[in-house]
file model05.cif (mmCIF, C-alpha atoms and all ligand atoms)
data_entry
#
loop_
_atom_site.label_atom_id
_atom_site.label_comp_id
_atom_site.auth_asym_id
_atom_site.auth_seq_id
_atom_site.Cartn_x
_atom_site.Cartn_y
_atom_site.Cartn_z
CA MET A 1 2.83 30.40 -41.23
CA PRO A 2 3.82 26.75 -41.75
CA ARG A 3 7.08 25.57 -40.30
CA ILE A 4 10.46 26.58 -41.70
CA PRO A 5 13.51 24.60 -40.53
CA ASP A 6 15.61 26.40 -37.91
CA HIS A 7 18.67 26.76 -40.13
CA LEU A 8 16.75 29.10 -42.44
CA THR A 9 15.04 31.30 -39.90
CA GLY A 10 18.14 33.40 -39.04
CA PRO A 11 19.63 36.07 -41.31
CA GLY A 12 21.46 33.59 -43.61
CA PRO A 13 22.34 31.85 -45.71
CA SER A 14 22.68 34.65 -48.23
CA ASN A 15 23.42 34.24 -51.91
CA PRO A 16 27.14 35.01 -52.50
CA PHE A 17 26.51 35.77 -56.20
CA PRO A 18 23.34 37.77 -56.75
CA GLY A 19 24.77 38.90 -60.09
CA ILE A 20 25.18 42.14 -61.95
CA LYS A 21 21.48 42.70 -62.72
CA VAL A 22 20.54 42.51 -59.06
CA LEU A 23 23.51 44.69 -58.12
CA GLU A 24 22.55 47.31 -60.71
CA ARG A 25 19.06 47.47 -59.28
CA ARG A 26 20.43 47.80 -55.76
CA LEU A 27 22.75 50.63 -56.85
CA GLY A 28 20.13 52.24 -59.07
CA ARG A 29 22.47 52.56 -62.04
CA GLU A 30 24.05 50.53 -64.81
CA ILE A 31 27.52 48.98 -64.48
CA PRO A 32 28.91 49.15 -68.02
CA HIS A 33 32.16 47.23 -67.45
CA ARG A 34 31.90 43.57 -66.47
CA LEU A 35 35.43 42.85 -65.34
CA GLY A 36 34.85 40.63 -62.37
CA SER A 37 32.52 37.75 -63.19
CA ASN A 38 34.84 35.51 -65.25
CA GLU A 39 32.28 34.90 -67.97
CA GLY A 40 34.13 34.41 -71.26
CA LEU A 41 32.90 37.67 -72.77
CA ASP A 42 35.53 37.67 -75.53
CA MET A 43 34.47 34.37 -77.08
CA PRO A 44 33.61 35.00 -80.75
CA HIS A 45 31.11 32.15 -80.84
CA ARG A 46 31.39 31.56 -84.57
CA ALA A 47 29.83 28.10 -84.42
CA LEU A 48 26.88 29.23 -82.33
CA ARG A 49 26.30 32.25 -84.55
CA GLU A 50 26.31 30.09 -87.64
CA ARG A 51 23.79 27.67 -86.21
CA PHE A 52 21.48 29.98 -84.25
CA GLY A 53 22.17 33.51 -85.46
CA ASP A 54 23.62 36.60 -83.77
CA ALA A 55 20.48 37.38 -81.78
CA MET A 56 20.74 34.16 -79.85
CA VAL A 57 24.43 34.63 -79.11
CA GLU A 58 23.74 37.97 -77.40
CA HIS A 59 22.07 35.98 -74.64
CA VAL A 60 24.72 33.38 -73.97
CA TYR A 61 27.70 35.29 -72.54
CA CYS A 62 26.48 36.48 -69.18
CA TYR A 63 25.03 35.06 -66.03
CA GLY A 64 21.35 35.89 -65.99
CA ASP A 65 19.15 37.93 -63.74
CA ALA A 66 18.91 35.84 -60.57
CA GLU A 67 15.58 37.51 -59.81
CA ALA A 68 14.21 37.21 -63.38
CA LEU A 69 12.62 40.60 -62.97
CA GLY A 70 11.67 41.05 -66.62
CA VAL A 71 9.77 37.76 -66.72
CA ARG A 72 8.09 38.47 -63.39
CA GLN A 73 6.98 41.88 -64.60
CA TRP A 74 5.31 40.24 -67.56
CA LEU A 75 3.63 37.66 -65.34
CA ALA A 76 2.35 40.42 -63.09
CA ALA A 77 1.13 42.51 -66.01
CA LEU A 78 -0.56 39.66 -67.85
CA TYR A 79 -1.87 37.47 -65.08
CA GLY A 80 -2.34 40.01 -62.31
CA VAL A 81 -0.21 38.17 -59.76
CA PRO A 82 1.55 40.64 -57.43
CA LEU A 83 5.16 41.05 -58.55
CA GLU A 84 6.52 40.56 -55.03
CA ALA A 85 4.61 37.27 -54.76
CA THR A 86 6.36 35.65 -57.76
CA LEU A 87 9.58 33.66 -58.02
CA VAL A 88 10.93 32.28 -61.30
CA ASP A 89 12.86 29.03 -61.50
CA ALA A 90 13.82 26.34 -64.02
CA GLY A 91 10.35 24.85 -64.45
CA ALA A 92 7.74 23.52 -62.07
CA ASP A 93 9.97 20.51 -61.40
CA SER A 94 12.72 22.76 -60.11
CA LEU A 95 10.17 24.54 -57.99
CA ILE A 96 9.01 21.26 -56.46
CA ALA A 97 12.63 20.47 -55.61
CA LEU A 98 13.10 23.97 -54.27
CA ALA A 99 10.02 23.80 -52.05
CA LEU A 100 11.21 20.47 -50.66
CA ARG A 101 14.68 21.84 -50.12
CA MET A 102 13.21 24.66 -48.08
CA VAL A 103 10.64 22.70 -46.10
CA ALA A 104 11.91 19.17 -45.66
CA THR A 105 14.30 17.87 -43.06
CA PRO A 106 15.50 14.24 -43.29
CA GLY A 107 12.82 11.84 -42.15
CA CYS A 108 10.00 14.38 -42.18
CA THR A 109 6.67 13.29 -43.59
CA VAL A 110 5.15 14.53 -46.82
CA VAL A 111 1.81 13.41 -48.25
CA SER A 112 0.45 13.04 -51.79
CA ALA A 113 -2.06 11.03 -53.80
CA GLY A 114 -0.59 7.67 -54.89
CA GLY A 115 -0.17 7.94 -58.65
CA THR A 116 -0.20 11.71 -59.02
CA TYR A 117 2.63 13.51 -60.83
CA PRO A 118 5.45 11.19 -59.78
CA THR A 119 8.28 13.70 -59.77
CA PHE A 120 7.05 14.95 -56.41
CA GLY A 121 7.50 11.57 -54.71
CA TYR A 122 10.77 10.98 -56.51
CA PHE A 123 12.22 14.25 -55.27
CA ALA A 124 10.75 13.83 -51.78
CA GLN A 125 12.29 10.40 -51.36
CA GLY A 126 15.58 11.62 -52.81
CA GLN A 127 15.62 14.15 -50.05
CA GLY A 128 15.07 11.59 -47.33
CA CYS A 129 11.40 12.38 -46.68
CA ARG A 130 8.94 9.76 -45.57
CA LEU A 131 6.35 9.71 -48.37
CA ILE A 132 2.77 8.81 -47.45
CA GLU A 133 0.55 8.14 -50.46
CA ARG A 134 -3.23 7.93 -50.33
CA PRO A 135 -5.38 6.28 -53.01
CA TYR A 136 -7.40 8.30 -55.50
CA ARG A 137 -11.16 8.63 -55.22
CA GLU A 138 -12.72 6.51 -57.95
CA ALA A 139 -16.34 6.49 -59.13
CA PRO A 140 -17.98 6.48 -62.56
CA GLY A 141 -16.72 9.63 -64.31
CA LEU A 142 -14.44 10.47 -61.39
CA LEU A 143 -10.77 9.88 -60.70
CA ALA A 144 -9.40 12.46 -58.29
CA PRO A 145 -6.85 12.94 -55.54
CA ASP A 146 -8.77 12.33 -52.31
CA LEU A 147 -8.39 15.58 -50.40
CA GLU A 148 -10.09 14.19 -47.28
CA ALA A 149 -7.62 11.34 -47.17
CA LEU A 150 -4.65 13.66 -47.69
CA LEU A 151 -5.93 15.85 -44.90
CA ALA A 152 -6.40 12.93 -42.54
CA SER A 153 -2.86 11.68 -43.25
CA ALA A 154 -1.38 15.12 -42.75
CA HIS A 155 -2.89 15.21 -39.26
CA GLU A 156 -2.17 11.61 -38.40
CA HIS A 157 1.51 11.80 -39.39
CA ALA A 158 2.22 15.45 -38.51
CA ALA A 159 3.16 16.05 -42.14
CA ARG A 160 5.40 18.92 -43.07
CA LEU A 161 3.96 19.26 -46.57
CA VAL A 162 1.02 18.04 -48.68
CA TYR A 163 1.32 17.98 -52.47
CA VAL A 164 -1.72 18.41 -54.72
CA ALA A 165 -1.63 18.86 -58.49
CA ASN A 166 -4.62 20.92 -59.57
CA PRO A 167 -5.56 20.27 -62.31
CA ASP A 168 -4.16 16.85 -61.67
CA ASN A 169 -1.81 14.81 -63.77
CA PRO A 170 -2.57 12.07 -64.81
CA SER A 171 -6.33 12.20 -64.14
CA GLY A 172 -6.98 15.71 -65.52
CA HIS A 173 -9.28 16.32 -62.54
CA LEU A 174 -9.85 19.87 -61.34
CA HIS A 175 -10.70 20.54 -57.72
CA GLY A 176 -12.84 23.61 -57.15
CA ASP A 177 -11.34 26.68 -55.53
CA ASP A 178 -13.40 26.18 -52.39
CA GLU A 179 -12.13 22.62 -52.00
CA ILE A 180 -8.54 23.86 -52.11
CA ARG A 181 -9.27 26.67 -49.68
CA ARG A 182 -10.91 24.21 -47.33
CA LEU A 183 -7.99 21.82 -47.57
CA ARG A 184 -5.60 24.63 -46.65
CA ALA A 185 -7.81 25.82 -43.81
CA GLU A 186 -8.06 22.33 -42.31
CA LEU A 187 -4.42 21.28 -42.69
CA PRO A 188 -2.26 21.51 -39.59
CA GLU A 189 -1.10 25.09 -39.26
CA ASP A 190 2.58 24.16 -39.52
CA CYS A 191 2.09 22.07 -42.69
CA TRP A 192 2.68 23.52 -46.18
CA LEU A 193 0.38 22.99 -49.12
CA LEU A 194 2.37 22.62 -52.34
CA LEU A 195 -0.19 23.32 -55.04
CA ASP A 196 1.13 22.29 -58.43
CA GLU A 197 -0.76 24.27 -61.04
CA ALA A 198 1.27 23.25 -64.08
CA TYR A 199 -1.98 23.01 -66.09
CA HIS A 200 -3.62 26.12 -64.66
CA ASP A 201 -3.63 27.94 -68.01
CA PHE A 202 -6.00 25.33 -69.46
CA ARG A 203 -8.66 25.98 -66.84
CA ASP A 204 -11.66 27.77 -68.34
CA ASP A 205 -11.48 30.19 -65.40
CA ALA A 206 -7.68 30.56 -65.49
CA ARG A 207 -7.89 34.35 -65.26
CA SER A 208 -10.29 34.48 -62.30
CA ALA A 209 -9.47 36.42 -59.11
CA TYR A 210 -8.64 33.10 -57.43
CA GLY A 211 -6.04 32.41 -60.11
CA ARG A 212 -3.97 35.41 -59.03
CA GLU A 213 -4.48 35.10 -55.30
CA VAL A 214 -1.60 34.69 -52.89
CA LEU A 215 -2.81 31.98 -50.53
CA PRO A 216 -1.21 31.98 -47.08
CA GLY A 217 0.58 28.74 -46.27
CA VAL A 218 0.43 27.67 -49.92
CA ILE A 219 3.17 27.53 -52.53
CA ARG A 220 1.50 27.62 -55.95
CA LEU A 221 3.58 26.43 -58.91
CA ARG A 222 3.06 27.21 -62.58
CA THR A 223 5.02 26.48 -65.71
CA LEU A 224 5.69 27.94 -69.13
CA SER A 225 6.24 24.41 -70.46
CA LYS A 226 2.66 23.74 -71.47
CA ALA A 227 0.50 26.68 -72.58
CA HIS A 228 3.60 28.70 -73.53
CA GLY A 229 5.35 25.81 -75.27
CA LEU A 230 8.76 26.33 -73.61
CA ALA A 231 9.36 22.93 -72.01
CA GLY A 232 12.84 22.65 -73.50
CA LEU A 233 13.97 25.99 -72.13
CA ARG A 234 12.99 25.23 -68.51
CA ILE A 235 11.04 28.00 -66.87
CA GLY A 236 8.20 28.19 -64.38
CA TYR A 237 7.15 30.31 -61.45
CA ALA A 238 5.86 30.15 -57.92
CA ILE A 239 3.20 32.32 -56.34
CA ALA A 240 3.46 32.64 -52.57
CA GLU A 241 3.70 35.14 -49.79
CA PRO A 242 6.87 37.29 -50.04
CA GLU A 243 8.17 35.91 -46.71
CA THR A 244 7.86 32.39 -48.11
CA LEU A 245 9.62 33.39 -51.32
CA ALA A 246 12.43 34.94 -49.29
CA MET A 247 13.01 31.54 -47.69
CA LEU A 248 12.92 29.80 -51.07
CA MET A 249 15.46 32.31 -52.39
CA LYS A 250 17.83 31.29 -49.60
CA VAL A 251 18.13 27.79 -51.01
CA ARG A 252 17.69 28.46 -54.70
CA ILE A 253 20.33 27.82 -57.38
CA HIS A 254 20.60 31.45 -58.37
CA TYR A 255 21.41 31.14 -62.09
CA ALA A 256 19.19 28.14 -62.74
CA VAL A 257 17.21 30.03 -65.39
CA SER A 258 19.47 31.00 -68.27
CA THR A 259 19.58 34.43 -69.89
CA LEU A 260 18.39 32.90 -73.14
CA THR A 261 15.44 31.26 -71.43
CA GLN A 262 14.46 34.50 -69.73
CA ALA A 263 14.70 36.38 -73.03
CA ALA A 264 12.62 33.74 -74.82
CA ALA A 265 10.00 33.77 -72.06
CA GLU A 266 9.75 37.55 -72.20
CA THR A 267 9.30 37.38 -75.98
CA VAL A 268 6.53 34.79 -75.73
CA LEU A 269 4.78 36.71 -72.94
CA ASP A 270 5.10 39.90 -74.99
CA HIS A 271 3.13 38.16 -77.76
CA HIS A 272 0.48 36.72 -75.54
CA ALA A 273 -2.16 36.47 -78.28
CA GLU A 274 -0.17 33.51 -79.60
CA VAL A 275 -0.34 31.81 -76.19
CA GLU A 276 -4.07 32.42 -75.98
CA ALA A 277 -4.67 31.06 -79.48
CA HIS A 278 -2.61 27.99 -78.58
CA ILE A 279 -4.66 27.41 -75.41
CA ARG A 280 -7.89 27.66 -77.42
CA ASP A 281 -6.56 25.20 -80.01
CA VAL A 282 -5.41 22.75 -77.34
CA LYS A 283 -8.80 22.78 -75.64
CA GLN A 284 -10.56 22.19 -78.95
CA ARG A 285 -8.28 19.31 -79.76
CA ARG A 286 -8.78 17.90 -76.25
CA GLU A 287 -12.54 17.95 -76.74
CA ARG A 288 -12.28 16.39 -80.22
CA LEU A 289 -10.05 13.66 -78.85
CA ALA A 290 -12.35 13.05 -75.89
CA ARG A 291 -15.45 12.91 -78.14
CA HIS A 292 -13.71 10.54 -80.53
CA PHE A 293 -12.89 8.04 -77.79
CA ARG A 294 -16.23 8.46 -76.00
CA ASP A 295 -18.03 7.73 -79.28
CA LEU A 296 -16.09 4.49 -79.47
CA GLY A 297 -17.29 3.63 -75.96
CA ALA A 298 -14.25 4.57 -73.87
CA GLU A 299 -14.47 6.09 -70.41
CA VAL A 300 -12.76 9.41 -70.99
CA LEU A 301 -12.37 11.31 -67.74
CA PRO A 302 -13.16 15.04 -67.53
CA SER A 303 -9.97 17.00 -68.09
CA ALA A 304 -9.00 20.62 -67.40
CA THR A 305 -5.55 20.09 -68.93
CA ASN A 306 -3.87 19.60 -72.30
CA PHE A 307 -4.43 15.84 -72.28
CA ILE A 308 -7.18 13.27 -71.87
CA ALA A 309 -7.13 10.32 -69.53
CA ILE A 310 -8.91 7.10 -70.44
CA ARG A 311 -9.82 4.61 -67.71
CA LEU A 312 -9.68 1.01 -68.87
CA PRO A 313 -11.19 -2.02 -67.14
CA SER A 314 -7.81 -3.35 -66.00
CA ALA A 315 -4.18 -2.42 -65.53
CA GLU A 316 -3.20 -5.54 -67.46
CA LEU A 317 -5.11 -4.36 -70.54
CA ALA A 318 -3.76 -0.81 -70.26
CA GLY A 319 -0.22 -2.16 -69.93
CA ARG A 320 -0.62 -4.39 -72.99
CA LEU A 321 -2.07 -1.60 -75.14
CA ASN A 322 0.58 0.84 -74.01
CA GLN A 323 3.28 -1.66 -74.96
CA GLN A 324 1.72 -2.40 -78.36
CA LEU A 325 1.44 1.30 -79.11
CA LEU A 326 5.06 1.83 -78.12
CA GLU A 327 6.19 -1.01 -80.36
CA ALA A 328 4.31 0.70 -83.19
CA GLY A 329 6.17 3.96 -82.46
CA ARG A 330 3.37 5.69 -80.54
CA LEU A 331 4.32 6.95 -77.11
CA ILE A 332 1.34 7.70 -74.92
CA ALA A 333 1.57 7.69 -71.12
CA ARG A 334 0.59 5.11 -68.54
CA PRO A 335 1.24 5.92 -64.89
CA ALA A 336 3.93 3.70 -63.40
CA HIS A 337 2.15 3.75 -60.03
CA PRO A 338 0.22 0.47 -59.50
CA ASP A 339 -2.88 2.35 -58.28
CA LEU A 340 -3.33 4.04 -61.65
CA GLY A 341 -2.03 1.36 -63.99
CA HIS A 342 -5.46 1.14 -65.63
CA VAL A 343 -5.23 4.71 -66.93
CA LEU A 344 -3.86 5.83 -70.27
CA ARG A 345 -3.05 9.47 -70.91
CA ILE A 346 -2.94 11.04 -74.36
CA SER A 347 -1.72 14.56 -75.16
CA ALA A 348 -4.16 16.76 -77.08
CA VAL A 349 -1.84 17.26 -80.05
CA GLU A 350 -2.94 17.13 -83.68
CA ASP A 351 -0.88 13.99 -84.24
CA ALA A 352 -3.08 12.08 -81.77
CA LEU A 353 -6.07 12.86 -84.02
CA ALA A 354 -4.40 11.73 -87.24
CA PRO A 355 -6.34 8.85 -88.82
CA GLY A 356 -4.74 5.52 -87.93
CA ARG A 357 -2.48 6.93 -85.25
CA LEU A 358 -4.19 5.21 -82.33
CA THR A 359 -5.92 2.37 -84.15
CA ILE A 360 -4.52 -0.19 -81.71
CA LEU A 361 -6.37 1.50 -78.87
CA GLU A 362 -9.51 2.27 -80.87
CA ARG A 363 -9.91 -1.37 -81.96
CA GLU A 364 -9.61 -2.64 -78.40
CA ILE A 365 -12.11 -0.12 -77.05
CA ALA A 366 -14.59 -1.01 -79.80
CA ARG A 367 -14.03 -4.72 -79.06
CA LEU A 368 -14.73 -4.15 -75.34
CA ARG A 369 -18.04 -2.49 -76.19
CA SER A 370 -19.23 -5.25 -78.55
C1 LIG B 401 1.74 18.23 -62.61
C2 LIG B 401 3.03 18.62 -63.25
N1 LIG B 401 3.90 19.35 -62.55
C3 LIG B 401 5.06 19.72 -63.06
C4 LIG B 401 5.41 19.36 -64.34
C5 LIG B 401 6.76 19.76 -64.86
O1 LIG B 401 6.74 21.04 -65.41
P1 LIG B 401 8.06 21.75 -65.85
O2 LIG B 401 8.31 21.40 -67.28
O3 LIG B 401 7.76 23.22 -65.67
O4 LIG B 401 9.16 21.30 -64.96
C6 LIG B 401 4.55 18.60 -65.11
C7 LIG B 401 4.92 18.18 -66.47
O5 LIG B 401 4.38 17.31 -67.07
C8 LIG B 401 3.32 18.21 -64.54
O6 LIG B 401 2.47 17.44 -65.22
#

call {"tool": "encode", "arguments": {"input": "model05.cif", "output": "structure tokens", "more": "lines below"}}
Ligand SMILES: Cc1ncc(COP(=O)(O)O)c(C=O)c1O
result
Amino acid sequence: MPRIPDHLTGPGPSNPFPGIKVLERRLGREIPHRLGSNEGLDMPHRALRERFGDAMVEHVYCYGDAEALGVRQWLAALYGVPLEATLVDAGADSLIALALRMVATPGCTVVSAGGTYPTFGYFAQGQGCRLIERPYREAPGLLAPDLEALLASAHEHAARLVYVANPDNPSGHLHGDDEIRRLRAELPEDCWLLLDEAYHDFRDDARSAYGREVLPGVIRLRTLSKAHGLAGLRIGYAIAEPETLAMLMKVRIHYAVSTLTQAAAETVLDHHAEVEAHIRDVKQRRERLARHFRDLGAEVLPSATNFIAIRLPSAELAGRLNQQLLEAGRLIARPAHPDLGHVLRISAVEDALAPGRLTILEREIARLRS
């Protein structure tokens, strides 16, 4: 097992407030009278009821289930991940922070691709880690985190953790399962692999056996922000070995996922056909968007996500177009990292396909081709 800092390897710290749901499960019976948790149960909530209805208000009074059992049961039932290998938190971002909080000690080294999902580096640096970034692999039709380079840096700098987004943001690149397995196998034994699978649901093989596997030494992260459309409610989950999750639980903010969010997630998961239809629609839109820009002559990179990435000849051009689009009220994404400044990322939403919406970009691409 990769290294866990000494202060977590003993019996503590233990959560002082596991909450009534966890306590009820431990006791094996319901506790009907909540007289000790200082929650504001008598608040009439007239304003909230008026705006959001009585059903919503039911979910606002009480601290939630710190173990999010209901959500995890749905995840296990739908996606086949073992219940005991799941942990729910307030989105993949929170899970990145949580993994760092468990693994990192000040000054320790973590490694990622330079230009990948930047929240990882932001959190790592905020926690006093030394961040080593390695350039992407670039070739015609290819822009991908360079796993060989990440591996080499992990060995060279005795890294405590390597971060890989798969599929990747912003490139959209998907590494094959065997590549990820090999990366894990060849990393130093005491180094964690943080595998950010925020876009996993958009993989064509999302429901494969690999998708539900618990990989030793790996913390897999997923989110309900994308395919499940719940970004505003903040919920995601980790898949890892139960011993790893026990360590994460030691440093987790126990009520980070609200009761309302858990109820909403359970409702969406209970109506999974809607999620599946949404995923199908997103992929179709992604392909339409990709075809549209390819037909104009753009280099659209292969994407296993809910967005497309376009590689432009220069960062200067990408920056100018991004700025012009923004001034015209169109917010697309351009990585802030200098290594990927020549990339523009567009979400596969219907609005991106509306005639005239991205004319500024289309004109420039057509001009480059002529
Ligand atoms: C690679 C990656 N990880 C994590 C996240 C954040 O997900 P969440 O909304 O669950 O925090 C995103 C969101 O864009 C992402 O692209």

call {"tool": "closest_atom_pairs", "arguments": {"input": "model05.cif", "of": "region 300-323 of chain A", "to": "region 334-343 of chain A", "cutoff": "8 Å", "atoms": "all atoms listed in the file", "output": "tab-separated table"}}
result
residue	atom	partner	partner_atom	distance
A:Ala309	CA	A:Val343	CA	6.5
A:Ile310	CA	A:Val343	CA	5.6
A:Arg311	CA	A:Val343	CA	4.7
A:Leu312	CA	A:His342	CA	5.3
A:Pro313	CA	A:His342	CA	6.7
A:Ser314	CA	A:His342	CA	5.1
A:Ala315	CA	A:His342	CA	3.8
A:Glu316	CA	A:His342	CA	7.3
A:Leu317	CA	A:His342	CA	7.4
A:Ala318	CA	A:His342	CA	5.3
A:Gly319	CA	A:Gly341	CA	7.1
A:Asn322	CA	A:Arg334	CA	6.9

call {"tool": "residues_near_ligand", "arguments": {"input": "model05.cif", "ligand": "ligand LIG 401 (chain B)", "cutoff": "9 Å", "atoms": "all atoms listed in the file", "output": "PyMOL selection string"}}
result
chain A and resi 89-96+116-120+164-170+196-199+221-226+230-237

call {"tool": "closest_residue", "arguments": {"input": "model05.cif", "among": "A:Leu353, A:Cys191, A:Leu142, A:Leu69", "to": "Arg286 (chain A)", "atoms": "only C-alpha atoms"}}
result
A:Leu353

call {"tool": "closest_residue", "arguments": {"input": "model05.cif", "among": "A:Cys108, A:His155, A:Tyr163, A:Tyr136", "to": "Gly121 (chain A)", "atoms": "all atoms listed in the file"}}
result
A:Tyr163

call {"tool": "residues_around", "arguments": {"input": "model05.cif", "residues": "Ala85 (chain A)", "least_positions_apart": "2", "cutoff": "8 Å", "atoms": "all atoms listed in the file", "output": "list in words"}}
result
Val81, Pro82, Leu83, Leu87, Val214, Ala238, Ile239, Ala240, Glu241, Pro242 and Leu245 of chain A

call {"tool": "atom_distance", "arguments": {"input": "model05.cif", "atom1": "CA of Ile4 (chain A)", "atom2": "CA of Asp190 (chain A)"}}
result
8.5 Å

call {"tool": "atom_distance", "arguments": {"input": "model05.cif", "atom1": "CA of Pro140 (chain A)", "atom2": "CA of Leu325 (chain A)"}}
result
26.0 Å

call {"tool": "residues_around", "arguments": {"input": "model05.cif", "residues": "Arg369 (chain A)", "least_positions_apart": "6", "cutoff": "9 Å", "atoms": "all atoms listed in the file", "output": "VMD selection string"}}
result
chain A and resid 296 to 298

call {"tool": "write_last_selection", "arguments": {"input": "model05.cif", "atoms": "C-alpha atoms", "output": "PDB file, in the frame of the given file"}}
result
ATOM      1  CA  LEU A 296     -16.090   4.490 -79.470  1.00  0.00           C
ATOM      2  CA  GLY A 297     -17.290   3.630 -75.960  1.00  0.00           C
ATOM      3  CA  ALA A 298     -14.250   4.570 -73.870  1.00  0.00           C
TER       4      ALA A 298
END

call {"tool": "residues_around", "arguments": {"input": "model05.cif", "residues": "Glu133 (chain A)", "least_positions_apart": "4", "cutoff": "6 Å", "atoms": "all atoms listed in the file", "output": "list in words"}}
result
Val111, Ser112, Ala113 and Gly114 of chain A

call {"tool": "atom_distance", "arguments": {"input": "model05.cif", "atom1": "CA of Ala104 (chain A)", "atom2": "CA of Gln125 (chain A)"}}
result
10.5 Å
